[in-house]
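Below is the file input26.pdb, which contains PDB, C-alpha atoms.
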```pdb
ATOM      1  CA  MET G   1     -20.050  -0.250  14.342
ATOM      2  CA  PHE G   2     -17.374   0.184  16.983
ATOM      3  CA  LYS G   3     -15.794  -1.929  19.716
ATOM      4  CA  VAL G   4     -13.301  -1.479  22.548
ATOM      5  CA  ILE G   5     -11.339  -4.561  23.552
ATOM      6  CA  CYS G   6      -8.521  -5.062  26.065
ATOM      7  CA  ILE G   7      -6.278  -8.103  25.688
ATOM      8  CA  SER G   8      -3.098  -9.324  27.345
ATOM      9  CA  ALA G   9      -0.346 -10.634  25.076
ATOM     10  CA  VAL G  10       1.058 -13.954  26.277
ATOM     11  CA  LEU G  11       3.990 -15.991  25.040
ATOM     12  CA  THR G  12       3.208 -19.482  23.807
ATOM     13  CA  LEU G  13       5.556 -22.114  22.496
ATOM     14  CA  GLY G  14       4.711 -25.330  20.715
ATOM     15  CA  MET G  15       6.038 -28.041  18.464
ATOM     16  CA  GLY G  16       3.781 -28.621  15.479
ATOM     17  CA  ALA G  17       5.564 -31.664  14.021
ATOM     18  CA  ARG G  18       4.646 -35.277  14.688
ATOM     19  CA  GLN G  19       7.162 -38.033  14.034
ATOM     20  CA  ALA G  20       6.797 -41.789  14.342
ATOM     21  CA  THR G  21       8.815 -44.908  13.590
ATOM     22  CA  ALA G  22       7.525 -47.553  11.213
ATOM     23  CA  ASN G  23       8.692 -50.970  10.152
ATOM     24  CA  ASN G  24       7.354 -51.266   6.641
ATOM     25  CA  ALA G  25       9.711 -52.816   4.131
ATOM     26  CA  ASP G  26       7.231 -52.087   1.329
ATOM     27  CA  LEU G  27       7.950 -48.356   1.446
ATOM     28  CA  PRO G  28      10.224 -47.307  -1.457
ATOM     29  CA  GLY G  29      13.563 -46.256  -0.048
ATOM     30  CA  TYR G  30      12.935 -47.822   3.350
ATOM     31  CA  SER G  31      15.902 -49.108   5.329
ATOM     32  CA  GLU G  32      15.844 -50.879   8.664
ATOM     33  CA  GLY G  33      16.093 -48.359  11.477
ATOM     34  CA  ALA G  34      14.814 -45.471   9.382
ATOM     35  CA  LEU G  35      12.394 -43.020  10.925
ATOM     36  CA  VAL G  36       9.186 -42.746   8.907
ATOM     37  CA  MET G  37       7.318 -39.450   9.117
ATOM     38  CA  HIS G  38       3.777 -38.864   7.889
ATOM     39  CA  ALA G  39       3.275 -35.222   6.727
ATOM     40  CA  THR G  40      -0.238 -33.951   6.035
ATOM     41  CA  GLY G  41      -1.830 -30.526   6.063
ATOM     42  CA  LYS G  42      -3.156 -27.708   3.940
ATOM     43  CA  ARG G  43      -0.360 -25.153   4.199
ATOM     44  CA  GLU G  44       0.184 -23.416   0.852
ATOM     45  CA  GLN G  45       3.576 -22.566  -0.569
ATOM     46  CA  ILE G  46       4.515 -18.890  -0.169
ATOM     47  CA  ASP G  47       6.741 -17.183  -2.718
ATOM     48  CA  GLN G  48       8.927 -14.294  -1.523
ATOM     49  CA  LEU G  49       9.863 -11.599  -4.031
ATOM     50  CA  SER G  50      12.399  -9.107  -2.701
ATOM     51  CA  GLY G  51      13.804  -5.962  -4.265
ATOM     52  CA  VAL G  52      10.718  -5.196  -6.377
ATOM     53  CA  ILE G  53      10.955  -1.576  -7.549
ATOM     54  CA  TYR G  54       7.514  -0.003  -7.299
ATOM     55  CA  CYS G  55       8.460   3.588  -8.097
ATOM     56  CA  GLN G  56      11.341   5.922  -8.862
ATOM     57  CA  VAL G  57      11.606   9.291  -7.133
ATOM     58  CA  HIS G  58      13.243  11.948  -9.274
ATOM     59  CA  SER G  59      15.078  14.961  -7.888
ATOM     60  CA  THR G  60      17.288  17.520  -9.617
ATOM     61  CA  ARG G  61      20.324  15.296 -10.046
ATOM     62  CA  SER G  62      19.297  11.838  -8.841
ATOM     63  CA  VAL G  63      16.798   9.048  -9.201
ATOM     64  CA  ARG G  64      15.914   7.007  -6.127
ATOM     65  CA  GLN G  65      14.296   3.587  -6.360
ATOM     66  CA  LEU G  66      11.767   2.525  -3.731
ATOM     67  CA  HIS G  67      11.223  -1.167  -3.085
ATOM     68  CA  LEU G  68       8.602  -3.699  -2.116
ATOM     69  CA  SER G  69       9.124  -7.119  -0.580
ATOM     70  CA  LEU G  70       6.210  -9.394  -1.482
ATOM     71  CA  LEU G  71       4.857 -12.593   0.033
ATOM     72  CA  VAL G  72       2.560 -14.262  -2.502
ATOM     73  CA  PRO G  73       0.650 -17.487  -1.762
ATOM     74  CA  ARG G  74       1.149 -19.847  -4.709
ATOM     75  CA  THR G  75      -2.516 -20.506  -5.422
ATOM     76  CA  SER G  76      -4.988 -19.820  -8.200
ATOM     77  CA  ASP G  77      -7.226 -17.984  -5.698
ATOM     78  CA  LEU G  78      -8.220 -14.346  -6.147
ATOM     79  CA  LYS G  79      -6.506 -12.917  -3.087
ATOM     80  CA  PRO G  80      -6.987  -9.774  -1.006
ATOM     81  CA  ALA G  81      -3.777  -7.822  -0.420
ATOM     82  CA  ILE G  82      -2.182  -5.970   2.489
ATOM     83  CA  VAL G  83       0.469  -3.257   2.181
ATOM     84  CA  TYR G  84       2.674  -3.083   5.299
ATOM     85  CA  PHE G  85       4.439   0.183   6.173
ATOM     86  CA  PRO G  86       7.264  -0.195   8.737
ATOM     87  CA  GLY G  87       7.892   2.112  11.650
ATOM     88  CA  GLY G  88      11.168   3.911  12.117
ATOM     89  CA  GLY G  89      10.541   7.281  13.732
ATOM     90  CA  PHE G  90      10.229   8.959  10.312
ATOM     91  CA  THR G  91      13.991   8.402   9.868
ATOM     92  CA  SER G  92      14.092   4.830   8.508
ATOM     93  CA  ALA G  93      11.803   2.477   6.578
ATOM     94  CA  ASP G  94      13.151  -1.040   7.140
ATOM     95  CA  HIS G  95      10.369  -2.654   5.150
ATOM     96  CA  GLU G  96      11.468  -6.280   5.600
ATOM     97  CA  LYS G  97      10.960  -6.316   9.386
ATOM     98  CA  PHE G  98       7.922  -7.655  11.318
ATOM     99  CA  PHE G  99       8.159 -10.936   9.393
ATOM    100  CA  GLU G 100       6.056 -12.756  11.986
ATOM    101  CA  MET G 101       3.000 -10.620  11.228
ATOM    102  CA  ARG G 102       3.588 -10.553   7.473
ATOM    103  CA  SER G 103       4.057 -14.313   7.208
ATOM    104  CA  ALA G 104       0.919 -14.969   9.294
ATOM    105  CA  LEU G 105      -1.098 -12.834   6.889
ATOM    106  CA  ALA G 106       0.435 -14.619   3.889
ATOM    107  CA  ASN G 107      -0.383 -18.013   5.443
ATOM    108  CA  ALA G 108      -3.966 -16.784   5.807
ATOM    109  CA  GLY G 109      -4.106 -16.261   2.035
ATOM    110  CA  PHE G 110      -3.234 -12.586   1.656
ATOM    111  CA  VAL G 111      -0.685 -11.133  -0.733
ATOM    112  CA  VAL G 112       1.507  -9.052   1.584
ATOM    113  CA  ALA G 113       3.618  -6.207   0.195
ATOM    114  CA  ALA G 114       6.048  -4.507   2.585
ATOM    115  CA  ALA G 115       6.816  -1.033   1.272
ATOM    116  CA  GLU G 116       9.846   1.197   1.626
ATOM    117  CA  TYR G 117       9.028   4.936   1.676
ATOM    118  CA  ARG G 118      10.805   8.288   1.915
ATOM    119  CA  VAL G 119      11.872   9.472   5.374
ATOM    120  CA  VAL G 120      13.453  12.569   6.955
ATOM    121  CA  PRO G 121      15.146  14.672   5.617
ATOM    122  CA  ASP G 122      12.493  14.235   2.905
ATOM    123  CA  MET G 123       9.404  16.152   3.924
ATOM    124  CA  PHE G 124       5.668  15.567   3.966
ATOM    125  CA  PRO G 125       3.824  14.696   1.761
ATOM    126  CA  GLY G 126       6.583  12.587   0.161
ATOM    127  CA  LEU G 127       5.954   9.492   2.281
ATOM    128  CA  LEU G 128       2.182   9.722   1.715
ATOM    129  CA  GLU G 129       2.707   9.976  -2.044
ATOM    130  CA  ASP G 130       4.884   6.842  -1.806
ATOM    131  CA  GLY G 131       2.271   4.947   0.181
ATOM    132  CA  LYS G 132      -0.413   5.737  -2.363
ATOM    133  CA  THR G 133       1.880   4.775  -5.229
ATOM    134  CA  ALA G 134       2.415   1.362  -3.604
ATOM    135  CA  ILE G 135      -1.356   0.812  -3.608
ATOM    136  CA  ARG G 136      -1.641   1.819  -7.262
ATOM    137  CA  TYR G 137       1.298  -0.461  -8.150
ATOM    138  CA  LEU G 138      -0.506  -3.486  -6.719
ATOM    139  CA  ARG G 139      -3.642  -2.671  -8.684
ATOM    140  CA  ALA G 140      -1.617  -2.212 -11.869
ATOM    141  CA  HIS G 141       0.031  -5.624 -11.292
ATOM    142  CA  ALA G 142      -2.977  -7.422  -9.841
ATOM    143  CA  THR G 143      -2.932 -10.071 -12.564
ATOM    144  CA  GLU G 144       0.699 -11.055 -11.937
ATOM    145  CA  TYR G 145       0.209 -11.510  -8.202
ATOM    146  CA  GLY G 146      -3.344 -12.887  -8.213
ATOM    147  CA  ILE G 147      -4.695  -9.878  -6.297
ATOM    148  CA  ASP G 148      -8.326  -8.868  -6.080
ATOM    149  CA  PRO G 149      -7.909  -5.111  -6.681
ATOM    150  CA  ALA G 150     -11.224  -4.364  -4.980
ATOM    151  CA  ARG G 151      -9.823  -5.652  -1.644
ATOM    152  CA  ILE G 152      -6.619  -3.939  -0.553
ATOM    153  CA  GLY G 153      -5.811  -2.987   3.034
ATOM    154  CA  VAL G 154      -2.948  -1.220   4.800
ATOM    155  CA  LEU G 155      -1.081  -2.074   7.996
ATOM    156  CA  GLY G 156       1.627  -0.159   9.817
ATOM    157  CA  ASP G 157       3.374   0.186  13.159
ATOM    158  CA  SER G 158       4.507   3.450  14.804
ATOM    159  CA  ALA G 159       5.455   5.883  12.004
ATOM    160  CA  GLY G 160       4.239   3.196   9.611
ATOM    161  CA  GLY G 161       0.961   3.194  11.516
ATOM    162  CA  TYR G 162       0.788   6.934  10.903
ATOM    163  CA  LEU G 163       1.318   6.295   7.190
ATOM    164  CA  ALA G 164      -1.322   3.546   7.089
ATOM    165  CA  GLN G 165      -3.761   5.971   8.721
ATOM    166  CA  MET G 166      -2.899   8.746   6.279
ATOM    167  CA  VAL G 167      -3.285   6.510   3.229
ATOM    168  CA  ALA G 168      -6.696   5.301   4.426
ATOM    169  CA  LEU G 169      -8.055   8.625   5.657
ATOM    170  CA  THR G 170      -7.126  10.405   2.412
ATOM    171  CA  ASN G 171      -9.175   8.050   0.251
ATOM    172  CA  GLY G 172     -10.413  10.192  -2.629
ATOM    173  CA  GLU G 173      -7.988  13.086  -1.965
ATOM    174  CA  HIS G 174      -6.278  13.053  -5.336
ATOM    175  CA  GLU G 175      -3.769  15.805  -4.494
ATOM    176  CA  PHE G 176      -1.545  13.101  -2.989
ATOM    177  CA  ASP G 177      -1.622  10.894  -6.089
ATOM    178  CA  LYS G 178       1.703  11.632  -7.754
ATOM    179  CA  GLY G 179       4.030   9.610  -9.955
ATOM    180  CA  GLU G 180       3.165   6.359 -11.692
ATOM    181  CA  TYR G 181       0.005   4.286 -12.337
ATOM    182  CA  LEU G 182      -2.243   7.337 -12.071
ATOM    183  CA  ASP G 183      -4.960   5.501 -14.009
ATOM    184  CA  ARG G 184      -5.487   3.315 -10.902
ATOM    185  CA  SER G 185      -7.078   4.206  -7.575
ATOM    186  CA  SER G 186      -5.045   4.537  -4.378
ATOM    187  CA  ASP G 187      -8.122   4.044  -2.165
ATOM    188  CA  VAL G 188      -7.996   1.205   0.359
ATOM    189  CA  GLN G 189     -10.745  -0.908   1.883
ATOM    190  CA  ALA G 190      -9.291  -1.511   5.386
ATOM    191  CA  ALA G 191      -6.616  -0.053   7.684
ATOM    192  CA  ALA G 192      -4.877  -1.428  10.791
ATOM    193  CA  THR G 193      -2.551   0.757  12.854
ATOM    194  CA  LEU G 194      -0.308  -0.520  15.659
ATOM    195  CA  TYR G 195       0.909   2.095  18.189
ATOM    196  CA  GLY G 196       0.629   4.678  15.398
ATOM    197  CA  ILE G 197       0.561   8.471  15.410
ATOM    198  CA  SER G 198      -2.755  10.201  14.738
ATOM    199  CA  ASN G 199      -1.850  13.807  15.591
ATOM    200  CA  LEU G 200       1.668  15.181  15.125
ATOM    201  CA  LEU G 201       0.899  18.008  17.558
ATOM    202  CA  ASN G 202       0.598  15.838  20.693
ATOM    203  CA  ILE G 203       2.736  12.708  20.293
ATOM    204  CA  GLY G 204       3.980  13.052  23.892
ATOM    205  CA  GLU G 205       0.695  14.002  25.541
ATOM    206  CA  GLY G 206       0.401  12.600  29.065
ATOM    207  CA  PHE G 207       4.152  12.024  29.360
ATOM    208  CA  SER G 208       6.601  13.868  31.637
ATOM    209  CA  PRO G 209       7.285  17.609  31.084
ATOM    210  CA  GLU G 210      10.789  16.676  29.916
ATOM    211  CA  VAL G 211       9.458  14.404  27.168
ATOM    212  CA  GLN G 212       6.871  16.938  26.094
ATOM    213  CA  GLN G 213       9.616  19.561  25.884
ATOM    214  CA  LEU G 214      11.542  17.311  23.486
ATOM    215  CA  HIS G 215       8.551  17.283  21.150
ATOM    216  CA  LYS G 216       8.545  21.082  21.162
ATOM    217  CA  SER G 217      12.037  21.114  19.648
ATOM    218  CA  SER G 218      12.603  22.121  16.038
ATOM    219  CA  SER G 219      14.804  19.011  15.728
ATOM    220  CA  ALA G 220      12.051  16.573  16.752
ATOM    221  CA  THR G 221      11.422  14.223  13.859
ATOM    222  CA  GLU G 222       7.804  15.315  13.423
ATOM    223  CA  ALA G 223       9.037  18.924  13.097
ATOM    224  CA  LEU G 224      11.630  17.885  10.525
ATOM    225  CA  LEU G 225       8.993  15.928   8.599
ATOM    226  CA  VAL G 226       6.618  18.893   8.332
ATOM    227  CA  ASN G 227       8.875  21.964   8.514
ATOM    228  CA  GLY G 228      12.279  20.672   7.409
ATOM    229  CA  PRO G 229      15.737  21.134   8.970
ATOM    230  CA  ALA G 230      17.465  24.422   9.704
ATOM    231  CA  PHE G 231      19.312  25.607   6.603
ATOM    232  CA  ARG G 232      20.726  28.951   5.429
ATOM    233  CA  ASP G 233      18.296  31.631   6.570
ATOM    234  CA  PHE G 234      15.758  29.142   8.007
ATOM    235  CA  ALA G 235      16.427  28.444  11.697
ATOM    236  CA  GLY G 236      14.056  25.505  11.824
ATOM    237  CA  ALA G 237      10.626  25.426  13.430
ATOM    238  CA  PRO G 238       8.855  23.241  16.009
ATOM    239  CA  ILE G 239       5.793  21.265  15.010
ATOM    240  CA  SER G 240       3.640  23.794  16.878
ATOM    241  CA  ALA G 241       4.874  26.710  14.758
ATOM    242  CA  ASP G 242       2.007  26.255  12.309
ATOM    243  CA  PRO G 243      -0.764  24.141  13.888
ATOM    244  CA  ASP G 244      -2.903  24.180  10.742
ATOM    245  CA  LYS G 245      -0.017  22.862   8.659
ATOM    246  CA  ALA G 246       0.743  20.188  11.267
ATOM    247  CA  LEU G 247      -2.895  19.093  11.427
ATOM    248  CA  ALA G 248      -3.082  18.904   7.623
ATOM    249  CA  ALA G 249      -0.122  16.480   7.815
ATOM    250  CA  SER G 250      -1.870  14.422  10.525
ATOM    251  CA  PRO G 251      -4.515  11.707  10.196
ATOM    252  CA  LEU G 252      -6.896  13.691  12.419
ATOM    253  CA  GLY G 253      -6.813  16.452   9.821
ATOM    254  CA  HIS G 254      -8.555  14.192   7.289
ATOM    255  CA  LEU G 255     -11.835  13.109   8.846
ATOM    256  CA  THR G 256     -14.357  14.334   6.290
ATOM    257  CA  GLY G 257     -16.049  11.892   3.950
ATOM    258  CA  ALA G 258     -16.540   8.142   4.158
ATOM    259  CA  LYS G 259     -13.719   6.154   5.759
ATOM    260  CA  PRO G 260     -12.762   2.476   5.449
ATOM    261  CA  PRO G 261     -12.996   0.160   8.488
ATOM    262  CA  PHE G 262     -10.220   0.677  11.044
ATOM    263  CA  LEU G 263      -8.446  -1.524  13.565
ATOM    264  CA  ILE G 264      -6.555   0.618  16.100
ATOM    265  CA  MET G 265      -4.156  -1.089  18.528
ATOM    266  CA  HIS G 266      -1.980   0.593  21.140
ATOM    267  CA  GLY G 267      -0.036  -0.531  24.192
ATOM    268  CA  SER G 268      -1.114   0.769  27.586
ATOM    269  CA  ALA G 269       2.567   0.979  28.651
ATOM    270  CA  ASP G 270       3.846   2.802  25.547
ATOM    271  CA  THR G 271       6.383   5.437  26.628
ATOM    272  CA  LEU G 272       7.419   6.605  23.155
ATOM    273  CA  VAL G 273       4.124   7.332  21.385
ATOM    274  CA  SER G 274       1.388   8.278  23.814
ATOM    275  CA  PRO G 275      -1.531   5.820  24.055
ATOM    276  CA  ILE G 276      -3.686   8.938  23.698
ATOM    277  CA  GLN G 277      -2.822   8.777  19.983
ATOM    278  CA  GLY G 278      -4.878   5.600  19.559
ATOM    279  CA  LYS G 279      -7.651   6.816  21.872
ATOM    280  CA  GLN G 280      -8.186  10.114  20.055
ATOM    281  CA  LEU G 281      -8.319   8.479  16.607
ATOM    282  CA  TYR G 282     -10.809   5.905  17.873
ATOM    283  CA  GLU G 283     -13.040   8.566  19.418
ATOM    284  CA  ALA G 284     -12.908  10.732  16.282
ATOM    285  CA  LEU G 285     -13.917   7.827  14.025
ATOM    286  CA  ARG G 286     -16.556   6.627  16.455
ATOM    287  CA  ALA G 287     -18.085  10.134  16.479
ATOM    288  CA  LYS G 288     -18.479   9.801  12.699
ATOM    289  CA  SER G 289     -20.155   6.388  13.134
ATOM    290  CA  SER G 290     -17.311   4.804  11.189
ATOM    291  CA  SER G 291     -16.553   1.098  11.496
ATOM    292  CA  VAL G 292     -13.734   1.059  14.052
ATOM    293  CA  THR G 293     -12.339  -1.461  16.548
ATOM    294  CA  TYR G 294      -9.997  -0.259  19.289
ATOM    295  CA  VAL G 295      -7.738  -2.770  21.073
ATOM    296  CA  LEU G 296      -5.675  -1.640  24.052
ATOM    297  CA  VAL G 297      -2.920  -4.203  24.665
ATOM    298  CA  GLU G 298      -2.406  -4.358  28.399
ATOM    299  CA  ASP G 299       1.151  -3.612  29.631
ATOM    300  CA  ALA G 300       2.544  -3.538  26.071
ATOM    301  CA  GLY G 301       5.280  -1.026  25.306
ATOM    302  CA  HIS G 302       6.275   0.547  22.018
ATOM    303  CA  GLY G 303       7.154  -2.232  19.596
ATOM    304  CA  ASP G 304       8.208  -4.599  22.382
ATOM    305  CA  LEU G 305       7.821  -8.387  22.349
ATOM    306  CA  SER G 306       4.116  -8.165  23.168
ATOM    307  CA  TRP G 307       3.474  -7.288  19.532
ATOM    308  CA  TYR G 308       5.111 -10.491  18.285
ATOM    309  CA  GLN G 309       2.935 -12.841  20.333
ATOM    310  CA  GLN G 310       0.205 -15.021  18.857
ATOM    311  CA  PRO G 311      -2.811 -13.274  20.472
ATOM    312  CA  VAL G 312      -1.845  -9.956  18.871
ATOM    313  CA  ILE G 313      -0.982 -11.498  15.495
ATOM    314  CA  ASP G 314      -4.196 -13.530  15.498
ATOM    315  CA  ARG G 315      -6.235 -10.420  16.302
ATOM    316  CA  VAL G 316      -4.827  -8.595  13.259
ATOM    317  CA  VAL G 317      -5.156 -11.576  10.895
ATOM    318  CA  THR G 318      -8.718 -12.333  11.990
ATOM    319  CA  TRP G 319      -9.749  -8.696  11.623
ATOM    320  CA  PHE G 320      -8.399  -8.490   8.071
ATOM    321  CA  LYS G 321     -10.059 -11.805   7.154
ATOM    322  CA  THR G 322     -13.382 -10.546   8.502
ATOM    323  CA  THR G 323     -13.065  -7.093   6.922
ATOM    324  CA  LEU G 324     -11.618  -7.925   3.500
ATOM    325  CA  GLY G 325     -12.905 -11.482   3.216
ATOM    326  CA  GLU G 326     -11.249 -14.768   2.363
ATOM    327  CA  PRO G 327      -9.503 -15.543  -0.941
ATOM    328  CA  VAL G 328     -11.926 -16.605  -3.653
ATOM    329  CA  LYS G 329     -11.007 -20.226  -4.326
ATOM    330  CA  GLY G 330      -9.913 -21.294  -7.775
ATOM    331  CA  VAL G 331     -10.593 -17.945  -9.445
ATOM    332  CA  SER G 332      -7.806 -17.049 -11.856
ATOM    333  CA  ASN G 333      -7.275 -13.311 -12.189
ATOM    334  CA  THR G 334      -6.670 -13.444 -15.931
ATOM    335  CA  THR G 335      -8.114 -10.016 -16.538
ATOM    336  CA  ASP G 336      -7.586  -6.937 -14.402
ATOM    337  CA  PRO G 337     -10.849  -5.844 -12.727
ATOM    338  CA  ALA G 338      -8.997  -2.751 -11.474
ATOM    339  CA  ALA G 339      -8.982  -1.150 -14.892
ATOM    340  CA  ASN G 340     -11.934   1.006 -13.970
ATOM    341  CA  LEU G 341     -11.059   1.579 -10.309
TER     342      LEU G 341
END
```

Structure re-expressed in structure tokens:
Amino acid sequence: MFKVICISAVLTLGMGARQATANNADLPGYSEGALVMHATGKREQIDQLSGVIYCQVHSTRSVRQLHLSLLVPRTSDLKPAIVYFPGGGFTSADHEKFFEMRSALANAGFVVAAAEYRVVPDMFPGLLEDGKTAIRYLRAHATEYGIDPARIGVLGDSAGGYLAQMVALTNGEHEFDKGEYLDRSSDVQAAATLYGISNLLNIGEGFSPEVQQLHKSSSATEALLVNGPAFRDFAGAPISADPDKALAASPLGHLTGAKPPFLIMHGSADTLVSPIQGKQLYEALRAKSSSVTYVLVEDAGHGDLSWYQQPVIDRVVTWFKTTLGEPVKGVSNTTDPAANL
């Protein structure tokens, strides 16, 4: 199953509250001239848990803590979960951004975990190991958060989209399972990538010669991620220095085996990560007859305001609801079904 869809992001504003006056002296606390408001609806309370440590990365003389920020609907439902990986050009992982998208998913009944991960100067596969650890952490703590461990998806934008792709496309590749909770699976059941990177070798394809030359530099962030910085007797190396190594660190290098459903979104006016990145991932998955939906957002740039508008957010939320399913009402996750996953 595969689809190609083009949409235009539009800005909409609205006031959802309704307020009315009433003259009813029988209301407890009523005073003449008071405004009386009638509030109804089915919105659930969302709990935010910040600073959750999901793993510790040990090096020779230090221990680094990596964090999650969770949005957890306060219900007794058995809830699917989404792990969000932020973009940042492989140099930052500001995991508490993109609140509009995360809160929309939480309001739809998902547990949403935004994950910090290692960035340059740390090298691949460190960030992929972190992403997989975040998945295993949620399964290990499924009971506490009311998560259905059989329904976990990933979402990311830009470099975070790359990481979401890598986590999903390496389902079953246990070489990247390092660290804690190794008795749990890091496989995911759905992946959405927004203006993400699918091949580190051609991030600037279709752009000007000057931009493409920048990506040939040994100081380009993709080169630093895969080959590391110049140091001592190593002068540094561009991403093209070892194409096999670069492809092995790219989503398109992991196409064998069954893949989870994918939602791929890219902006037609992206001037930082070539729209070809989304196109080539879509075509590769389609050739494998994988379940993949490709949405080209007309005139959208790289992470610009188009991505914060309701049509885009609704597209992502609806896709996850369709792919992972709705929360199971009134089912208390008192035992951990993930024990055997």

Test item: the PyMOL selection byres ((chain G and resi 318) around 12) resolved as a list in words: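 Against this file, the PyMOL selection byres ((chain G and resi 318) around 12) returns the residues Met101, Ala104, Leu105, Ala108, Gly109, Phe110, Ala192, Leu263, Gln310, Pro311, Val312, Ile313, Asp314, Arg315, Val316, Val317, Trp319, Phe320, Lys321, Thr322, Thr323, Leu324, Gly325 and Glu326 of chain G.
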
For stretch 206-299 of chain G versus stretch 151-167 of chain G, which residues have an atom no more than 12 Å away, and what is each residue's nearest atom pair and distance in Å rounded to one decimal, using only C-alpha atoms, chain-then-number order, as a tab-separated table?
```
residue	atom	partner	partner_atom	distance
G:Thr221	CA	G:Ala159	CA	10.4
G:Glu222	CA	G:Ala159	CA	9.8
G:Leu225	CA	G:Ala159	CA	11.2
G:Leu247	CA	G:Met166	CA	11.6
G:Ala248	CA	G:Met166	CA	10.2
G:Ala249	CA	G:Met166	CA	8.4
G:Ser250	CA	G:Met166	CA	7.2
G:Pro251	CA	G:Met166	CA	5.2
G:Leu252	CA	G:Met166	CA	8.8
G:Gly253	CA	G:Met166	CA	9.3
G:His254	CA	G:Met166	CA	7.9
G:Leu255	CA	G:Met166	CA	10.3
G:Lys259	CA	G:Gln165	CA	10.4
G:Pro260	CA	G:Gly153	CA	9.2
G:Pro261	CA	G:Gly153	CA	9.6
G:Phe262	CA	G:Gln165	CA	8.7
G:Leu263	CA	G:Leu155	CA	9.2
G:Ile264	CA	G:Gly161	CA	9.2
G:Met265	CA	G:Asp157	CA	9.3
G:His266	CA	G:Ser158	CA	9.5
G:Gly267	CA	G:Ser158	CA	11.2
G:Asp270	CA	G:Ser158	CA	10.8
G:Leu272	CA	G:Ser158	CA	9.4
G:Val273	CA	G:Ser158	CA	7.7
G:Ser274	CA	G:Ser158	CA	10.7
G:Pro275	CA	G:Ser158	CA	11.3
G:Gln277	CA	G:Tyr162	CA	9.9
G:Gly278	CA	G:Gly161	CA	10.2
G:Leu281	CA	G:Gln165	CA	9.4
G:Tyr282	CA	G:Gln165	CA	11.6
G:Leu285	CA	G:Gln165	CA	11.6
```

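Using only C-alpha atoms, the protein and nucleic acid residues lying at most 8 Å from the point (5.8, 21.7, 15.5) are Leu200, Leu201, His215, Lys216, Ser217, Ser218, Glu222, Ala223, Val226, Asn227, Ala237, Pro238, Ile239, Ser240, Ala241, Asp242, Pro243 and Ala246 of chain G.
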
Show which residues sit within 10 Å of G:Gly330, as a ChimeraX atom specification. Count only C-alpha atoms, and ignore same-chain residues fewer than 6 positions away. /G:75-78

Chain and number of each residue from the PyMOL selection byres ((chain G and resi 91-95) around 10), as JSON, numbers by chain: {"G": [67, 68, 69, 84, 85, 86, 87, 88, 89, 90, 96, 97, 98, 99, 113, 114, 115, 116, 117, 118, 119, 120, 121, 122, 159, 160, 221, 222, 224, 225]}

Quick check, in Å to one decimal: how far apart do atom CA of G:Asn202 and atom CA of G:Lys178 lie? 28.8 Å

Between atom CA of G:Ala220 and atom CA of G:Thr271 - distance in Å to one decimal: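 Distance between the two atoms: 15.9 Å.
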
Distance of atom CA of G:Glu129 from atom CA of G:Lys288, expressed in Å to one decimal place: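 Computing it gives 25.8 Å between the two atoms.
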
Choose the residue, out of G:Asp130, G:Glu32, G:Glu205, G:Glu210, that has the smallest atom-to-atom separation from G:Tyr181; count all atoms listed in the file. G:Asp130

Please write as a VMD selection string the full residue list that the PyMOL selection byres ((chain G and resi 184) around 12) yields on this file. chain G and resid 132 to 142 149 to 150 172 174 177 to 183 185 to 188 336 to 341

Distance criterion (all atoms listed in the file): nearest to G:Asn107 out of G:Thr170, G:Arg74, G:Gly51, G:Ala39: G:Arg74

Nearest candidate to G:Thr293 (options G:Leu305, G:Ala230, G:Ala258, G:Ala191; using only C-alpha atoms):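 Using only C-alpha atoms, G:Thr293 sits closest to G:Ala191.
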
Which one is closest to G:Glu44: G:Ala300, G:Asn24, G:Gln65, G:Pro73? Count all atoms listed in the file.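 The answer is G:Pro73, which sits nearest to G:Glu44.
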
If I only have part of stretch 183-188 of chain G, can you fill in N, CA, C and O atoms and write it as an mmCIF file, in the frame of the given file?
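Final file, selection.cif:
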```cif
data_model
loop_
_atom_site.group_PDB
_atom_site.id
_atom_site.type_symbol
_atom_site.label_atom_id
_atom_site.label_comp_id
_atom_site.auth_asym_id
_atom_site.auth_seq_id
_atom_site.Cartn_x
_atom_site.Cartn_y
_atom_site.Cartn_z
ATOM 1 N N ASP G 183 -3.666 5.973 -13.517
ATOM 2 C CA ASP G 183 -4.960 5.501 -14.009
ATOM 3 C C ASP G 183 -5.617 4.523 -13.029
ATOM 4 O O ASP G 183 -6.725 4.048 -13.289
ATOM 5 N N ARG G 184 -4.947 4.229 -11.911
ATOM 6 C CA ARG G 184 -5.487 3.315 -10.902
ATOM 7 C C ARG G 184 -5.783 4.095 -9.613
ATOM 8 O O ARG G 184 -5.144 5.101 -9.317
ATOM 9 N N SER G 185 -6.705 3.572 -8.834
ATOM 10 C CA SER G 185 -7.078 4.206 -7.575
ATOM 11 C C SER G 185 -6.086 3.852 -6.474
ATOM 12 O O SER G 185 -5.564 2.732 -6.423
ATOM 13 N N SER G 186 -5.860 4.799 -5.565
ATOM 14 C CA SER G 186 -5.045 4.537 -4.378
ATOM 15 C C SER G 186 -5.906 4.332 -3.139
ATOM 16 O O SER G 186 -5.387 4.241 -2.026
ATOM 17 N N ASP G 187 -7.232 4.266 -3.302
ATOM 18 C CA ASP G 187 -8.122 4.044 -2.165
ATOM 19 C C ASP G 187 -7.934 2.639 -1.603
ATOM 20 O O ASP G 187 -7.645 1.691 -2.342
ATOM 21 N N VAL G 188 -8.104 2.504 -0.284
ATOM 22 C CA VAL G 188 -7.996 1.205 0.359
ATOM 23 C C VAL G 188 -9.303 0.871 1.059
ATOM 24 O O VAL G 188 -10.125 1.745 1.347
#
```
